[in-house]
>>> print(open('run_15.cif').read())   # mmCIF, C-alpha atoms
data_my_file
#
loop_
_atom_site.label_atom_id
_atom_site.label_comp_id
_atom_site.auth_asym_id
_atom_site.auth_seq_id
_atom_site.Cartn_x
_atom_site.Cartn_y
_atom_site.Cartn_z
CA MET U 1 16.78 38.89 -1.01
CA ALA U 2 13.81 40.96 -2.00
CA SER U 3 13.41 44.09 0.04
CA LYS U 4 12.25 47.67 -0.34
CA ALA U 5 15.90 48.80 -0.46
CA ASN U 6 16.91 47.06 -3.68
CA LYS U 7 13.50 47.19 -5.37
CA PRO U 8 13.92 47.56 -9.15
CA GLU U 9 11.61 49.59 -11.38
CA LEU U 10 8.72 47.23 -12.11
CA LEU U 11 6.93 49.57 -14.49
CA VAL U 12 8.63 51.16 -17.47
CA ASN U 13 6.66 53.71 -19.53
CA GLY U 14 3.41 52.47 -18.05
CA LYS U 15 4.09 48.85 -19.05
CA ARG U 16 5.39 45.88 -17.14
CA LEU U 17 8.93 44.57 -17.50
CA ASP U 18 7.97 41.88 -20.03
CA GLY U 19 5.87 44.38 -22.01
CA ARG U 20 2.50 43.09 -20.86
CA ALA U 21 -0.53 45.22 -20.06
CA PHE U 22 -1.76 45.21 -16.46
CA ASP U 23 -4.49 42.67 -17.14
CA GLU U 24 -2.60 40.49 -19.60
CA LEU U 25 -1.80 36.81 -19.00
CA ARG U 26 1.49 35.22 -19.96
CA PRO U 27 1.19 32.77 -22.88
CA LEU U 28 -0.41 29.54 -21.62
CA ARG U 29 -0.22 26.10 -23.21
CA ILE U 30 -1.53 22.82 -21.76
CA SER U 31 -1.39 19.29 -23.13
CA ALA U 32 -3.09 16.35 -21.45
CA GLY U 33 -2.27 12.64 -21.39
CA VAL U 34 1.52 12.97 -21.63
CA VAL U 35 2.58 10.38 -19.00
CA LYS U 36 1.66 6.90 -20.23
CA ASN U 37 2.12 5.10 -16.89
CA ALA U 38 -0.20 7.44 -15.03
CA ASN U 39 -3.99 7.27 -15.06
CA GLY U 40 -4.03 10.90 -16.08
CA SER U 41 -1.50 13.62 -16.66
CA ALA U 42 -0.95 17.13 -17.95
CA TYR U 43 1.98 19.26 -19.01
CA LEU U 44 1.69 23.02 -18.73
CA GLU U 45 3.80 25.91 -19.90
CA TRP U 46 2.79 29.29 -18.56
CA GLY U 47 5.29 31.97 -19.47
CA ASN U 48 8.53 30.51 -18.17
CA ASN U 49 6.80 28.10 -15.79
CA LYS U 50 6.93 24.46 -16.76
CA VAL U 51 4.82 22.01 -14.78
CA LEU U 52 4.22 18.29 -15.12
CA VAL U 53 1.33 16.69 -13.24
CA ALA U 54 0.54 12.98 -12.96
CA VAL U 55 -2.52 11.45 -11.30
CA TYR U 56 -2.60 7.89 -9.98
CA GLY U 57 -5.63 6.15 -8.60
CA PRO U 58 -8.10 5.37 -7.31
CA LYS U 59 -6.08 2.67 -5.55
CA GLU U 60 -5.78 1.07 -2.14
CA VAL U 61 -4.61 3.41 0.62
CA VAL U 62 -1.10 2.82 1.93
CA PRO U 63 -0.69 2.79 4.94
CA ARG U 64 -4.09 1.22 5.52
CA ARG U 65 -4.84 3.09 8.75
CA ASP U 66 -5.22 6.28 6.70
CA ALA U 67 -8.15 4.83 4.77
CA ASP U 68 -11.52 6.50 5.15
CA PRO U 69 -14.51 4.14 4.84
CA ALA U 70 -16.76 7.04 3.77
CA LYS U 71 -14.71 8.57 0.98
CA ALA U 72 -11.46 8.51 -0.92
CA VAL U 73 -8.31 10.11 0.43
CA LEU U 74 -6.88 12.77 -1.85
CA ARG U 75 -3.15 13.29 -1.68
CA CYS U 76 -1.32 16.09 -3.39
CA ARG U 77 2.40 16.54 -3.62
CA TYR U 78 3.70 19.82 -4.93
CA GLN U 79 7.42 19.78 -5.42
CA MET U 80 9.95 21.93 -7.20
CA ALA U 81 12.72 20.18 -9.07
CA PRO U 82 16.21 21.02 -7.74
CA PHE U 83 17.00 22.73 -11.03
CA SER U 84 13.71 24.59 -11.35
CA SER U 85 14.68 27.88 -9.80
CA LEU U 86 17.63 30.24 -9.75
CA GLU U 87 18.04 29.98 -6.00
CA GLY U 88 16.52 28.79 -2.76
CA HIS U 89 13.14 27.31 -3.63
CA GLY U 90 14.28 24.34 -5.61
CA ARG U 91 16.28 22.57 -2.95
CA THR U 92 15.43 18.91 -2.75
CA GLY U 93 13.12 17.28 -0.30
CA PRO U 94 9.96 18.50 1.31
CA ASN U 95 10.11 21.88 2.98
CA ARG U 96 7.67 24.20 4.71
CA ARG U 97 6.71 25.97 1.53
CA ALA U 98 6.07 22.80 -0.50
CA THR U 99 4.11 21.24 2.35
CA GLU U 100 1.88 24.31 2.64
CA ILE U 101 1.23 24.52 -1.09
CA SER U 102 0.46 20.80 -1.27
CA LYS U 103 -2.07 21.30 1.51
CA VAL U 104 -3.87 24.26 -0.02
CA ILE U 105 -4.04 22.57 -3.41
CA ARG U 106 -5.45 19.42 -1.82
CA GLU U 107 -8.10 21.42 0.00
CA ALA U 108 -9.08 23.20 -3.20
CA PHE U 109 -9.62 19.90 -4.99
CA GLU U 110 -11.48 18.26 -2.11
CA ASN U 111 -14.34 20.61 -2.98
CA VAL U 112 -14.72 19.50 -6.58
CA VAL U 113 -13.62 15.85 -6.72
CA LEU U 114 -16.46 13.40 -5.96
CA LEU U 115 -14.51 11.51 -3.31
CA GLU U 116 -17.55 9.60 -2.00
CA GLU U 117 -17.45 7.38 -5.10
CA PHE U 118 -14.26 5.63 -3.96
CA PRO U 119 -14.45 4.79 -0.24
CA ASN U 120 -11.28 3.22 1.21
CA ASN U 121 -9.22 4.37 -1.75
CA GLU U 122 -6.74 7.09 -2.45
CA ILE U 123 -6.06 9.40 -5.35
CA ASP U 124 -2.51 10.71 -5.74
CA VAL U 125 -1.72 13.97 -7.51
CA TYR U 126 1.95 14.63 -8.14
CA ILE U 127 2.79 18.18 -9.18
CA GLU U 128 6.36 18.65 -10.34
CA ILE U 129 7.60 22.14 -11.07
CA LEU U 130 10.29 21.74 -13.70
CA GLN U 131 10.97 25.41 -14.24
CA SER U 132 9.68 28.22 -12.09
CA ASP U 133 9.04 31.85 -12.81
CA GLY U 134 6.49 33.00 -10.26
CA GLY U 135 2.92 31.80 -9.80
CA THR U 136 3.81 28.13 -9.70
CA ARG U 137 1.06 27.18 -7.26
CA ALA U 138 -1.51 28.64 -9.65
CA ALA U 139 0.16 26.89 -12.58
CA GLY U 140 0.34 23.60 -10.64
CA LEU U 141 -3.32 23.80 -9.67
CA THR U 142 -4.46 24.63 -13.21
CA ALA U 143 -2.49 21.69 -14.60
CA ALA U 144 -3.61 19.31 -11.83
CA SER U 145 -7.24 20.05 -12.66
CA VAL U 146 -6.67 18.95 -16.27
CA ALA U 147 -4.76 15.86 -15.13
CA LEU U 148 -7.58 14.80 -12.77
CA ALA U 149 -10.16 15.11 -15.53
CA ASN U 150 -7.83 13.23 -17.88
CA ALA U 151 -7.60 10.42 -15.30
CA GLY U 152 -11.39 10.07 -15.39
CA ILE U 153 -11.70 10.91 -11.71
CA PRO U 154 -15.32 12.04 -11.28
CA MET U 155 -15.34 15.74 -10.50
CA LYS U 156 -17.92 18.49 -10.42
CA ASP U 157 -15.94 21.08 -12.23
CA LEU U 158 -12.60 22.17 -13.61
CA VAL U 159 -10.58 24.55 -11.46
CA TYR U 160 -8.40 27.35 -12.70
CA ALA U 161 -5.97 29.43 -10.70
CA VAL U 162 -4.10 32.65 -11.36
CA SER U 163 -2.54 35.31 -9.20
CA ALA U 164 -3.16 39.02 -9.15
CA GLY U 165 -1.09 41.60 -7.32
CA ARG U 166 -0.27 45.23 -6.89
CA ILE U 167 2.65 47.27 -8.18
CA ASP U 168 2.52 50.73 -6.55
CA GLU U 169 -1.12 51.74 -7.09
CA HIS U 170 -1.72 49.51 -10.13
CA VAL U 171 -3.47 46.15 -9.85
CA VAL U 172 -1.76 43.63 -12.14
CA LEU U 173 -2.57 40.11 -13.26
CA ASP U 174 -0.39 36.98 -13.37
CA LEU U 175 2.81 38.12 -11.68
CA ASN U 176 6.10 36.69 -12.81
CA MET U 177 9.07 35.93 -10.56
CA ILE U 178 10.53 39.43 -10.33
CA GLU U 179 7.14 41.09 -9.87
CA ASP U 180 6.24 38.48 -7.27
CA ASN U 181 9.43 39.14 -5.29
CA TYR U 182 9.26 42.93 -5.29
CA SER U 183 5.58 43.80 -5.73
CA ASP U 184 3.46 45.26 -2.95
CA ALA U 185 0.87 42.49 -2.98
CA ASP U 186 0.40 39.02 -4.46
CA MET U 187 -2.90 37.16 -4.38
CA PRO U 188 -3.09 33.65 -5.87
CA THR U 189 -6.71 32.59 -6.33
CA ALA U 190 -8.32 29.36 -7.48
CA ILE U 191 -11.88 29.34 -8.78
CA ALA U 192 -14.24 26.60 -9.94
CA HIS U 193 -15.11 27.73 -13.41
CA ARG U 194 -18.80 26.86 -13.66
CA ASN U 195 -20.23 28.35 -10.47
CA GLY U 196 -17.37 30.69 -9.59
CA ASP U 197 -16.71 29.23 -6.13
CA ILE U 198 -13.43 30.50 -4.70
CA LEU U 199 -11.44 27.47 -3.59
CA LEU U 200 -8.12 29.11 -2.75
CA LEU U 201 -7.37 32.68 -1.76
CA GLN U 202 -4.02 33.64 -0.32
CA MET U 203 -2.41 37.04 -0.06
CA ASP U 204 0.98 38.53 0.67
CA GLY U 205 1.18 42.28 1.12
CA GLY U 206 -1.89 44.46 1.21
CA LEU U 207 -4.77 45.61 -0.97
CA THR U 208 -7.52 48.10 -0.29
CA LYS U 209 -11.12 46.95 -0.68
CA GLU U 210 -11.37 48.57 -4.13
CA GLN U 211 -8.08 47.08 -5.26
CA PHE U 212 -9.19 43.65 -4.05
CA HIS U 213 -12.37 43.83 -6.11
CA THR U 214 -10.46 45.01 -9.18
CA ALA U 215 -8.00 42.11 -8.73
CA LEU U 216 -10.80 39.58 -8.35
CA GLY U 217 -12.54 40.95 -11.43
CA MET U 218 -9.32 40.60 -13.41
CA ILE U 219 -8.88 37.02 -12.21
CA GLN U 220 -12.44 36.09 -13.17
CA GLU U 221 -12.02 37.67 -16.59
CA ALA U 222 -8.73 35.82 -17.16
CA GLY U 223 -10.40 32.62 -15.92
CA LYS U 224 -12.53 32.48 -19.06
CA LYS U 225 -9.40 32.27 -21.18
CA ILE U 226 -7.70 29.74 -18.89
CA SER U 227 -10.80 27.49 -18.74
CA ALA U 228 -11.05 27.53 -22.51
CA ILE U 229 -7.43 26.38 -22.79
CA GLN U 230 -8.01 23.65 -20.19
CA ARG U 231 -11.09 22.41 -22.06
CA GLN U 232 -9.22 22.41 -25.36
CA ALA U 233 -6.35 20.41 -23.81
CA LEU U 234 -8.79 17.71 -22.71
CA ILE U 235 -10.49 17.58 -26.11
CA ASP U 236 -7.23 17.53 -28.07
CA VAL U 237 -6.33 14.16 -26.54
CA TYR U 238 -8.96 12.61 -28.78
CA SER U 239 -8.22 14.38 -32.02
CA ALA U 240 -6.27 12.23 -34.40
CA PRO U 241 -3.83 13.95 -36.76
CA GLY U 242 -5.74 15.26 -39.75
CA GLU U 243 -9.14 14.87 -38.17
CA GLU U 244 -10.99 17.85 -36.82
CA VAL U 245 -12.82 17.47 -33.50
CA LYS U 246 -16.18 19.17 -33.26
CA ARG U 247 -16.27 21.77 -30.53
CA MET A 1 -17.19 13.08 -34.70
CA LYS A 2 -19.14 13.40 -31.48
CA SER A 3 -18.75 16.49 -29.38
CA ILE A 4 -16.83 15.90 -26.17
CA ILE A 5 -18.24 16.71 -22.73
CA ILE A 6 -16.06 18.04 -19.91
CA PRO A 7 -16.79 17.88 -16.13
CA GLY A 8 -19.19 20.68 -15.24
CA ASP A 9 -20.94 20.75 -18.62
CA GLU A 10 -24.72 20.75 -18.55
CA VAL A 11 -26.31 17.62 -20.01
CA LYS A 12 -29.79 17.05 -21.38
CA GLU A 13 -32.73 16.00 -19.24
CA GLY A 14 -33.44 12.32 -18.76
CA VAL A 15 -29.84 11.17 -18.94
CA SER A 16 -28.87 8.10 -16.91
CA SER A 17 -27.33 9.07 -13.58
CA VAL A 18 -23.97 7.42 -14.25
CA ASN A 19 -21.22 10.05 -14.63
CA VAL A 20 -23.78 12.73 -13.87
CA TYR A 21 -24.43 14.76 -10.71
CA VAL A 22 -27.22 17.15 -9.90
CA GLU A 23 -26.72 20.63 -8.52
CA ASP A 24 -29.27 23.48 -8.35
CA GLY A 25 -31.74 21.31 -10.27
CA LYS A 26 -29.39 20.94 -13.23
CA SER A 27 -27.83 17.72 -14.49
CA LEU A 28 -24.11 18.15 -14.98
CA ALA A 29 -21.42 15.82 -16.28
CA SER A 30 -18.74 14.62 -13.88
CA ALA A 31 -16.43 12.95 -16.39
CA VAL A 32 -14.82 13.49 -19.77
CA GLY A 33 -16.96 11.69 -22.32
CA PHE A 34 -19.58 12.10 -25.00
CA TYR A 35 -23.34 11.92 -25.16
CA ASP A 36 -24.92 8.75 -26.45
CA GLU A 37 -28.22 9.66 -28.17
CA GLN A 38 -29.67 6.16 -28.19
CA GLY A 39 -28.69 5.05 -24.72
CA LYS A 40 -29.40 8.50 -23.21
CA ARG A 41 -26.23 8.37 -21.15
CA ILE A 42 -22.76 9.83 -20.90
CA VAL A 43 -20.16 7.45 -22.28
CA PRO A 44 -16.93 8.12 -20.36
CA LEU A 45 -13.66 8.28 -22.26
CA GLU A 46 -11.45 7.88 -19.19
CA GLY A 47 -11.93 6.32 -15.82
CA THR A 48 -12.06 3.15 -13.85
CA TRP A 49 -14.18 0.06 -14.09
CA THR A 50 -17.28 0.09 -11.88
CA PRO A 51 -18.18 -3.53 -11.17
CA LYS A 52 -21.67 -4.60 -12.19
CA ILE A 53 -23.32 -7.93 -11.47
CA ASP A 54 -22.86 -10.46 -14.32
CA ASP A 55 -19.76 -8.70 -15.67
CA THR A 56 -17.14 -11.08 -17.04
CA VAL A 57 -13.71 -10.38 -15.58
CA VAL A 58 -10.20 -11.69 -16.08
CA GLY A 59 -7.89 -11.73 -13.07
CA THR A 60 -4.87 -13.29 -11.45
CA ILE A 61 -4.95 -15.29 -8.22
CA GLU A 62 -3.14 -13.11 -5.69
CA GLU A 63 -3.56 -14.96 -2.45
CA VAL A 64 -4.89 -18.34 -1.34
CA GLY A 65 -6.91 -18.36 1.86
CA ARG A 66 -8.47 -21.04 4.01
CA ASN A 67 -11.27 -23.32 2.81
CA ASN A 68 -10.64 -22.70 -0.87
CA THR A 69 -11.02 -18.94 -0.79
CA TYR A 70 -8.96 -16.73 -3.03
CA THR A 71 -8.09 -13.09 -3.50
CA VAL A 72 -8.06 -12.13 -7.16
CA ASP A 73 -6.13 -9.21 -8.59
CA LEU A 74 -8.43 -7.48 -11.09
CA CYS A 75 -6.07 -4.57 -11.92
CA SER A 76 -8.68 -2.29 -10.40
CA PHE A 77 -9.22 -0.35 -7.20
CA ARG A 78 -11.52 -3.17 -6.10
CA THR A 79 -10.13 -6.58 -5.25
CA GLY A 80 -11.91 -9.72 -6.30
CA VAL A 81 -12.79 -12.49 -3.87
CA LEU A 82 -13.52 -16.05 -4.90
CA LEU A 83 -15.29 -18.23 -2.33
CA LEU A 84 -15.32 -21.79 -3.61
CA GLY A 85 -15.94 -23.46 -0.28
CA LYS A 86 -14.49 -26.59 1.27
CA TYR A 87 -16.25 -29.04 -0.95
CA SER A 88 -15.19 -27.60 -4.26
CA ARG A 89 -12.82 -29.73 -6.25
CA SER A 90 -10.95 -27.14 -8.23
CA VAL A 91 -7.72 -25.96 -6.67
CA LEU A 92 -6.09 -22.79 -7.90
CA LYS A 93 -2.55 -21.59 -7.35
CA VAL A 94 -1.11 -18.13 -6.90
CA GLY A 95 -0.36 -16.54 -10.27
CA GLU A 96 -2.93 -18.47 -12.24
CA VAL A 97 -5.17 -16.50 -14.56
CA ILE A 98 -8.91 -17.04 -14.31
CA GLU A 99 -12.06 -15.89 -15.97
CA ALA A 100 -15.01 -15.31 -13.64
CA ILE A 101 -18.37 -13.60 -13.36
CA VAL A 102 -19.27 -10.92 -10.83
CA ASP A 103 -21.74 -12.46 -8.42
CA ARG A 104 -22.25 -9.55 -6.02
CA ILE A 105 -20.47 -6.71 -4.30
CA ASN A 106 -20.28 -6.98 -0.53
CA GLY A 107 -20.40 -4.30 2.16
CA LYS A 108 -16.63 -3.96 2.18
CA LYS A 109 -16.89 -3.12 -1.51
CA GLU A 110 -15.14 -6.32 -2.50
CA VAL A 111 -16.15 -7.99 -5.73
CA ILE A 112 -17.41 -11.52 -5.07
CA LEU A 113 -16.75 -13.72 -8.08
CA SER A 114 -18.34 -16.97 -9.21
CA ASN A 115 -18.02 -19.55 -12.00
CA PRO A 116 -14.22 -19.45 -12.22
CA LYS A 117 -12.58 -20.93 -15.27
CA GLU A 118 -8.87 -21.43 -15.31
CA LEU A 119 -7.12 -19.96 -18.35
CA ARG A 120 -3.98 -21.91 -19.24
CA GLY A 121 -1.24 -20.55 -21.42
CA GLY A 122 -1.68 -17.49 -23.60
CA MET A 123 -1.13 -13.93 -22.52
CA VAL A 124 -2.99 -11.15 -20.77
CA LEU A 125 -3.28 -7.69 -22.28
CA LYS A 126 -4.25 -4.67 -20.20
CA ILE A 127 -6.12 -1.76 -21.75
CA LYS A 128 -8.21 1.08 -20.35
CA PRO A 129 -11.46 -0.39 -18.97
CA THR A 130 -13.50 2.40 -20.59
CA LYS A 131 -12.48 1.10 -24.01
CA ILE A 132 -13.70 -2.46 -23.40
CA PRO A 133 -17.23 -1.89 -24.79
CA ARG A 134 -15.61 -0.82 -28.04
CA VAL A 135 -13.42 -3.95 -28.18
CA LEU A 136 -16.58 -6.00 -27.74
CA GLY A 137 -18.51 -3.96 -30.31
CA LYS A 138 -22.26 -3.95 -30.84
CA ALA A 139 -23.52 -7.47 -30.01
CA ASN A 140 -19.88 -8.60 -29.78
CA THR A 141 -19.28 -8.02 -33.50
CA MET A 142 -15.84 -6.55 -33.05
CA ALA A 143 -14.65 -9.30 -30.70
CA LYS A 144 -15.98 -12.05 -33.03
CA GLN A 145 -14.28 -10.43 -35.99
CA ILE A 146 -10.91 -10.29 -34.23
CA SER A 147 -10.95 -13.84 -32.92
CA GLU A 148 -12.14 -15.23 -36.29
CA ILE A 149 -9.65 -13.48 -38.50
CA ALA A 150 -6.66 -13.71 -36.13
CA ARG A 151 -7.79 -17.26 -35.23
CA CYS A 152 -7.10 -16.89 -31.52
CA ASP A 153 -9.00 -17.63 -28.34
CA MET A 154 -9.98 -14.41 -26.67
CA ILE A 155 -11.67 -13.65 -23.38
CA ILE A 156 -12.50 -10.04 -22.65
CA GLY A 157 -12.84 -8.96 -19.05
CA SER A 158 -14.77 -5.78 -18.42
CA ASN A 159 -12.10 -4.81 -15.88
CA GLY A 160 -9.72 -4.02 -18.75
CA LEU A 161 -7.84 -7.32 -19.02
CA ILE A 162 -7.99 -9.37 -22.21
CA TRP A 163 -6.71 -12.94 -22.35
CA LEU A 164 -5.42 -14.18 -25.70
CA ARG A 165 -4.12 -17.55 -26.84
CA GLY A 166 -3.03 -19.14 -30.10
CA GLY A 167 -3.33 -17.95 -33.68
CA ASP A 168 -1.94 -14.60 -34.71
CA ILE A 169 -1.55 -13.02 -31.27
CA ALA A 170 0.64 -10.21 -32.61
CA LEU A 171 -2.11 -9.09 -35.00
CA ALA A 172 -4.83 -9.34 -32.36
CA THR A 173 -2.73 -7.30 -29.91
CA GLU A 174 -2.00 -4.66 -32.51
CA VAL A 175 -5.66 -4.34 -33.41
CA ILE A 176 -6.84 -4.18 -29.79
CA LEU A 177 -4.32 -1.47 -28.96
CA ARG A 178 -5.48 0.45 -32.00
CA ILE A 179 -9.09 0.19 -30.84
CA GLU A 180 -7.98 1.53 -27.45
CA ARG A 181 -6.33 4.53 -29.11
CA GLU A 182 -9.16 5.27 -31.54
CA ALA A 183 -12.18 4.17 -29.51
CA HIS A 184 -13.93 7.51 -29.93
CA MET A 185 -13.76 7.48 -33.76
CA PRO A 186 -16.81 6.56 -35.83
CA GLY A 187 -16.80 3.62 -38.26
CA LEU A 188 -14.15 1.73 -36.34
CA THR A 189 -15.47 -1.79 -36.97
CA GLU A 190 -15.05 -1.39 -40.74
CA LYS A 191 -11.61 0.14 -40.38
CA ILE A 192 -10.43 -2.67 -38.11
CA LYS A 193 -11.85 -5.28 -40.49
CA GLU A 194 -9.76 -3.88 -43.34
CA VAL A 195 -6.62 -3.90 -41.21
CA LEU A 196 -7.29 -7.43 -39.99
CA ILE A 197 -7.88 -8.87 -43.46
CA SER A 198 -4.95 -7.16 -45.15
CA LYS A 199 -2.49 -7.95 -42.37
CA SER A 200 -3.57 -11.54 -41.82
CA LYS A 201 -3.04 -12.29 -45.54
CA ASN A 202 0.34 -10.67 -45.35
CA ASN A 203 1.34 -12.76 -42.36
CA GLU A 204 0.17 -15.98 -43.99
CA ARG A 205 2.34 -15.28 -46.99
CA LYS A 206 5.35 -14.83 -44.71
CA ILE A 207 4.72 -18.19 -43.08
CA GLU A 208 4.49 -19.94 -46.45
#
>>> encode(input="run_15.cif", output="structure tokens")
Amino acid sequence: MASKANKPELLVNGKRLDGRAFDELRPLRISAGVVKNANGSAYLEWGNNKVLVAVYGPKEVVPRRDADPAKAVLRCRYQMAPFSSLEGHGRTGPNRRATEISKVIREAFENVVLLEEFPNNEIDVYIEILQSDGGTRAAGLTAASVALANAGIPMKDLVYAVSAGRIDEHVVLDLNMIEDNYSDADMPTAIAHRNGDILLLQMDGGLTKEQFHTALGMIQEAGKKISAIQRQALIDVYSAPGEEVKR
Amino acid sequence: MKSIIIPGDEVKEGVSSVNVYVEDGKSLASAVGFYDEQGKRIVPLEGTWTPKIDDTVVGTIEEVGRNNTYTVDLCSFRTGVLLLGKYSRSVLKVGEVIEAIVDRINGKKEVILSNPKELRGGMVLKIKPTKIPRVLGKANTMAKQISEIARCDMIIGSNGLIWLRGGDIALATEVILRIEREAHMPGLTEKIKEVLISKSKNNERKIE
């Protein structure tokens, strides 16, 4: 297990283990509309993370007693595939961690999805982590946002998420698995891209006030890139081979 | 090619309020779609069918209730209800396909249907409800073209179900699925016409 005692060197010659700069994202790729049976879907590759999200609904709530006559019920299920991780996390079935992440993702989306348009209905978001390498809740949330828009669920805004953390005194962006396990702080954050509302903010470890503001600044800066990729993924669904879509 | 709008994008003033929400005095899109200059509205590319009065729908009888009342499966998040009343002569069975018109939407957000017509035989095709206006075409040109050239009976429900019978069903299906895939492309009516004419001749030759 990760502990101070067996902590590896996370910085070599002023660079991170995978050669990235402190404020550099891992390569991100998103494609939308990949699951034909679903109303909307997205597949995301973020470094070594691979995430598949499918959205179903609006549809009748089952069981019926959970229905809300004022608005739709949003349900999120975050789950790691049994083969997704090297150890531990990927065991089958719901566990504390998956339940918590499902909850925080749901609460982030309840702020942007216009649930009042579908009273007595539910919207299901299934987030499957196929391969994990740190920052899967951010990756899941980023992909789920694209999948919801692809499903035509009315929403105010797209949401992006990314984590920032601290290695010794350096604030770093988008931690991978090994940095996540041994770093001194990890702060996944989800932000609505148009008005900058913070919809999810969690933190392990500790940051000083200055470090927190540096981290948030890095996240907001990276958000521009992530939002652009999300937007492009949604537009690319409609571009036929050989025909250029106007941007 | 029209430029595509994403949720959160600002839209021009005076746009119809469908698929639009207002925040801080700005009109913003809430769906993926494109801007229609003439209609001054956002045309969604994905999404569900929102029932409107006088919409034609195609559905399957799901449940038979008392006094000639029926629940109709519309393949939507809203269920259809058909209230024919005791004195009505027509009797429908579970599993039968009907065409009906939306009469009103009640407080429980059920779709009340009227003027049911039973559709015998044929097949039902399901496509995305947002693509239905394109299958109909301007003043139903596209729909007329398909049913004339493929020589089949066709009823298009705005809930995304299309009923087809007779003629060259395979060709009609192929063309409708192509419209669904390419609904956002310009000049589709002409393209579909070419496909229809060339393929229908081909098929006739095979039959001979």
>>> residues_around(input="run_15.cif", residues="Val55 of chain U", least_positions_apart="5", cutoff="8 Å", atoms="all atoms listed in the file", output="number ranges by chain")
U: 38-41, 123-126, 144, 147-148, 151
>>> interface_residues(input="run_15.cif", of="chain U", to="chain A", cutoff="8 Å", atoms="only C-alpha atoms", output="PDB file with C-alpha atoms, in the coordinates of the input")
ATOM      1  CA  GLY U  57      -5.630   6.150  -8.600  1.00  0.00           C
ATOM      2  CA  PRO U  58      -8.100   5.370  -7.310  1.00  0.00           C
ATOM      3  CA  LYS U  59      -6.080   2.670  -5.550  1.00  0.00           C
ATOM      4  CA  GLU U  60      -5.780   1.070  -2.140  1.00  0.00           C
ATOM      5  CA  ASN U 121      -9.220   4.370  -1.750  1.00  0.00           C
ATOM      6  CA  ALA U 149     -10.160  15.110 -15.530  1.00  0.00           C
ATOM      7  CA  ASN U 150      -7.830  13.230 -17.880  1.00  0.00           C
ATOM      8  CA  ALA U 151      -7.600  10.420 -15.300  1.00  0.00           C
ATOM      9  CA  GLY U 152     -11.390  10.070 -15.390  1.00  0.00           C
ATOM     10  CA  ILE U 153     -11.700  10.910 -11.710  1.00  0.00           C
ATOM     11  CA  PRO U 154     -15.320  12.040 -11.280  1.00  0.00           C
ATOM     12  CA  MET U 155     -15.340  15.740 -10.500  1.00  0.00           C
ATOM     13  CA  LYS U 156     -17.920  18.490 -10.420  1.00  0.00           C
ATOM     14  CA  ASP U 157     -15.940  21.080 -12.230  1.00  0.00           C
ATOM     15  CA  LEU U 158     -12.600  22.170 -13.610  1.00  0.00           C
ATOM     16  CA  ARG U 194     -18.800  26.860 -13.660  1.00  0.00           C
ATOM     17  CA  ARG U 231     -11.090  22.410 -22.060  1.00  0.00           C
ATOM     18  CA  LEU U 234      -8.790  17.710 -22.710  1.00  0.00           C
ATOM     19  CA  ILE U 235     -10.490  17.580 -26.110  1.00  0.00           C
ATOM     20  CA  TYR U 238      -8.960  12.610 -28.780  1.00  0.00           C
ATOM     21  CA  VAL U 245     -12.820  17.470 -33.500  1.00  0.00           C
ATOM     22  CA  LYS U 246     -16.180  19.170 -33.260  1.00  0.00           C
ATOM     23  CA  ARG U 247     -16.270  21.770 -30.530  1.00  0.00           C
TER      24      ARG U 247
END
>>> resolve_selection(input="run_15.cif", expression="the PyMOL selection byres ((chain A and resi 40) around 12)", output="VMD selection string")
chain A and resid 11 to 20 34 to 39 41 to 43
>>> closest_residue(input="run_15.cif", among="A:Ile101, A:Arg66, A:Gly25, A:Leu125", to="Glu180 of chain A", atoms="all atoms listed in the file")
A:Leu125
>>> resolve_selection(input="run_15.cif", expression="the PyMOL selection byres ((chain U and resi 98-105) around 10)", output="ChimeraX atom specification")
/U:75-80,89-90,93-97,106-110,125-127,136-138,140-141,144,190,199-202
>>> write_last_selection(input="run_15.cif", atoms="C-alpha atoms", output="CSV table (one decimal), in the frame of the given file")
chain,number,residue,atom,x,y,z
U,75,ARG,CA,-3.2,13.3,-1.7
U,76,CYS,CA,-1.3,16.1,-3.4
U,77,ARG,CA,2.4,16.5,-3.6
U,78,TYR,CA,3.7,19.8,-4.9
U,79,GLN,CA,7.4,19.8,-5.4
U,80,MET,CA,10.0,21.9,-7.2
U,89,HIS,CA,13.1,27.3,-3.6
U,90,GLY,CA,14.3,24.3,-5.6
U,93,GLY,CA,13.1,17.3,-0.3
U,94,PRO,CA,10.0,18.5,1.3
U,95,ASN,CA,10.1,21.9,3.0
U,96,ARG,CA,7.7,24.2,4.7
U,97,ARG,CA,6.7,26.0,1.5
U,106,ARG,CA,-5.4,19.4,-1.8
U,107,GLU,CA,-8.1,21.4,0.0
U,108,ALA,CA,-9.1,23.2,-3.2
U,109,PHE,CA,-9.6,19.9,-5.0
U,110,GLU,CA,-11.5,18.3,-2.1
U,125,VAL,CA,-1.7,14.0,-7.5
U,126,TYR,CA,2.0,14.6,-8.1
U,127,ILE,CA,2.8,18.2,-9.2
U,136,THR,CA,3.8,28.1,-9.7
U,137,ARG,CA,1.1,27.2,-7.3
U,138,ALA,CA,-1.5,28.6,-9.6
U,140,GLY,CA,0.3,23.6,-10.6
U,141,LEU,CA,-3.3,23.8,-9.7
U,144,ALA,CA,-3.6,19.3,-11.8
U,190,ALA,CA,-8.3,29.4,-7.5
U,199,LEU,CA,-11.4,27.5,-3.6
U,200,LEU,CA,-8.1,29.1,-2.8
U,201,LEU,CA,-7.4,32.7,-1.8
U,202,GLN,CA,-4.0,33.6,-0.3
>>> residues_around(input="run_15.cif", residues="segment 82-88 of chain U", least_positions_apart="2", cutoff="10 Å", atoms="all atoms listed in the file", output="PyMOL selection string")
chain U and resi 49-51+79-80+90-93+128-134+177
